[in-house]
Amino acid sequence: MPRCTWCTNDPLYTQYHDQEWGVPNRDPQALFEFLLLEGFQAGLSWITVLRKRERYRQVLFGFDAQRLAQMTDAEIDERMQDPGIIRNRRKLEAARRNAQAWLELDEPAAWLWSFVGGQPKINHFTSITQIPAVTPEAQAMSRALKKAGFSFVGPTICYAFMQASGMVMDHTLDCDRYRALSAGAGA
C-alpha cells in the first residue's frame with residue numbers, strides 16, 4: 001500500500017498511519033489522549049511517543065482526566081523513575097494541569113473541532129514538503145488552550161494534534177489513505 005513518505009516500515013508507525021492519523025475523531029477521551037501525547041512528543045520524534053504509548057496508558061490512568069487531575073506530586077515522583085515513559089517532570093506536571101483544564105471545558109470535543117469549523121479540513125498536498133508545521137487555526141487553538149489553562153500546547157503541537165485527530169487530513173495525494181479519507185470513508 002502506498003503511504004505518506006514520513007511513514008517508516010515500523011509496525012507501530014504503519015498501524016498508526018493506516019488506522020488513526022487523519023481519521024476524524026470526535027471522542028473526548030481519544031482527543032484528550034492525543035492532546036497529552038502530542039505534548040509529551042514536544043522536542044522528540046513521534047515514533048518515540050508511539051513506542052511508549054501503552055505504558056503511558058498504564059501510568060496515566062488510561063488517560064482518565066478525572067483521575068489524572070488528582071495525580072499527586074508523589075505519583076509524579078514515581079513516574080519519574082519509570083523508564084517506560086518520557087521522564088520529564090514539566091511534561092508530567094503539564095499532563096495533570098491539562099487534565100484539570102480539560103475538566104473545566106463544557107464540551108471539549110465540539111470546542112476543539114470548532115477551530116476547523118466543525119468539519120475536517122481536507123488538504124491536497126502532493127509532497128510532505130508542502131505540509132505546514134503551523135496554520136492560523138493551530139495558532140488560534142494554541143492561544144485558546146493556553147488561555148484555558150493548558151500548557152505544552154504551542155501552535156506546532158496543536159497542528160500535529162489536528163492532524164492526528166483528523167481535524168485536518170494531510171495524507172499526500174499518492175497515499176492510499178488520502179483517497180479513503182478525502183472521500184469520507186474514514187478508517
# chains A, B, ... in the order shown; residues from 1 in each chain; ligands from 1

call {"tool": "residues_around", "arguments": {"residues": "stretch 165-179 of chain A", "least_positions_apart": "5", "cutoff": "9 Å", "atoms": "only C-alpha atoms", "output": "MDAnalysis selection string"}}
result
chainID A and resid 1:5 17:26 30:31 34 112:113 115:116 118:128 131 159:160 184:187

call {"tool": "closest_atom_pairs", "arguments": {"of": "stretch 14-111 of chain A", "to": "stretch 142-154 of chain A", "cutoff": "10 Å", "atoms": "only C-alpha atoms", "output": "CSV"}}
result
residue,atom,partner,partner_atom,distance
A:Leu35,CA,A:Val153,CA,8.0
A:Leu36,CA,A:Phe152,CA,8.4
A:Glu38,CA,A:Val153,CA,8.2
A:Gly39,CA,A:Phe152,CA,5.1
A:Phe40,CA,A:Phe152,CA,8.0
A:Gln41,CA,A:Phe152,CA,9.5
A:Ala42,CA,A:Phe152,CA,7.5
A:Arg90,CA,A:Phe152,CA,9.1
A:Lys91,CA,A:Phe152,CA,7.4
A:Glu93,CA,A:Ser151,CA,9.4
A:Ala94,CA,A:Ser151,CA,5.9
A:Ala95,CA,A:Ser151,CA,8.3
A:Arg96,CA,A:Phe150,CA,9.7
A:Arg97,CA,A:Phe150,CA,6.7
A:Asn98,CA,A:Phe150,CA,4.9
A:Ala99,CA,A:Phe150,CA,8.5
A:Gln100,CA,A:Gly149,CA,8.4
A:Ala101,CA,A:Gly149,CA,5.6
A:Trp102,CA,A:Phe150,CA,8.1
A:Glu104,CA,A:Ala148,CA,8.3
A:Leu105,CA,A:Ala148,CA,8.3

call {"tool": "write_last_selection", "arguments": {"atoms": "C-alpha atoms", "output": "mmCIF file, in the first residue's frame"}}
result
data_model
loop_
_atom_site.group_PDB
_atom_site.id
_atom_site.type_symbol
_atom_site.label_atom_id
_atom_site.label_comp_id
_atom_site.auth_asym_id
_atom_site.auth_seq_id
_atom_site.Cartn_x
_atom_site.Cartn_y
_atom_site.Cartn_z
ATOM 1 C CA LEU A 35 -3.508 16.166 23.154
ATOM 2 C CA LEU A 36 -1.397 14.845 26.025
ATOM 3 C CA GLU A 38 1.424 15.475 21.446
ATOM 4 C CA GLY A 39 2.632 17.433 24.480
ATOM 5 C CA PHE A 40 4.895 14.560 25.522
ATOM 6 C CA GLN A 41 6.254 14.474 21.969
ATOM 7 C CA ALA A 42 7.494 18.089 22.111
ATOM 8 C CA ARG A 90 7.435 19.521 33.438
ATOM 9 C CA LYS A 91 5.537 17.356 30.951
ATOM 10 C CA GLU A 93 3.006 18.225 35.691
ATOM 11 C CA ALA A 94 1.517 19.653 32.489
ATOM 12 C CA ALA A 95 -0.468 16.430 31.998
ATOM 13 C CA ARG A 96 -2.018 16.905 35.442
ATOM 14 C CA ARG A 97 -2.674 20.611 34.809
ATOM 15 C CA ASN A 98 -4.107 19.856 31.365
ATOM 16 C CA ALA A 99 -6.447 17.271 32.870
ATOM 17 C CA GLN A 100 -7.690 19.896 35.323
ATOM 18 C CA ALA A 101 -8.202 22.390 32.487
ATOM 19 C CA TRP A 102 -9.908 19.719 30.346
ATOM 20 C CA GLU A 104 -13.346 22.800 33.063
ATOM 21 C CA LEU A 105 -14.424 22.657 29.399
#

call {"tool": "select_by_dssp", "arguments": {"residues": "chain A", "states": "alpha helix (DSSP H)", "output": "JSON, numbers by chain"}}
result
{"A": [11, 12, 13, 14, 15, 16, 17, 18, 19, 28, 29, 30, 31, 32, 33, 34, 35, 36, 37, 38, 39, 40, 41, 46, 47, 48, 49, 50, 51, 52, 53, 54, 55, 56, 57, 58, 59, 65, 66, 67, 68, 69, 73, 74, 75, 76, 77, 78, 79, 89, 90, 91, 92, 93, 94, 95, 96, 97, 98, 99, 100, 101, 102, 103, 104, 108, 109, 110, 111, 112, 113, 136, 137, 138, 139, 140, 141, 142, 143, 144, 145, 146, 147, 155, 156, 157, 158, 159, 160, 161, 162, 163, 164, 176, 177, 178, 179, 180, 181, 182]}

call {"tool": "closest_residue", "arguments": {"among": "A:Ile47, A:Leu181, A:Ala65, A:Ala133", "to": "A:Phe161", "atoms": "only C-alpha atoms"}}
result
A:Ala133
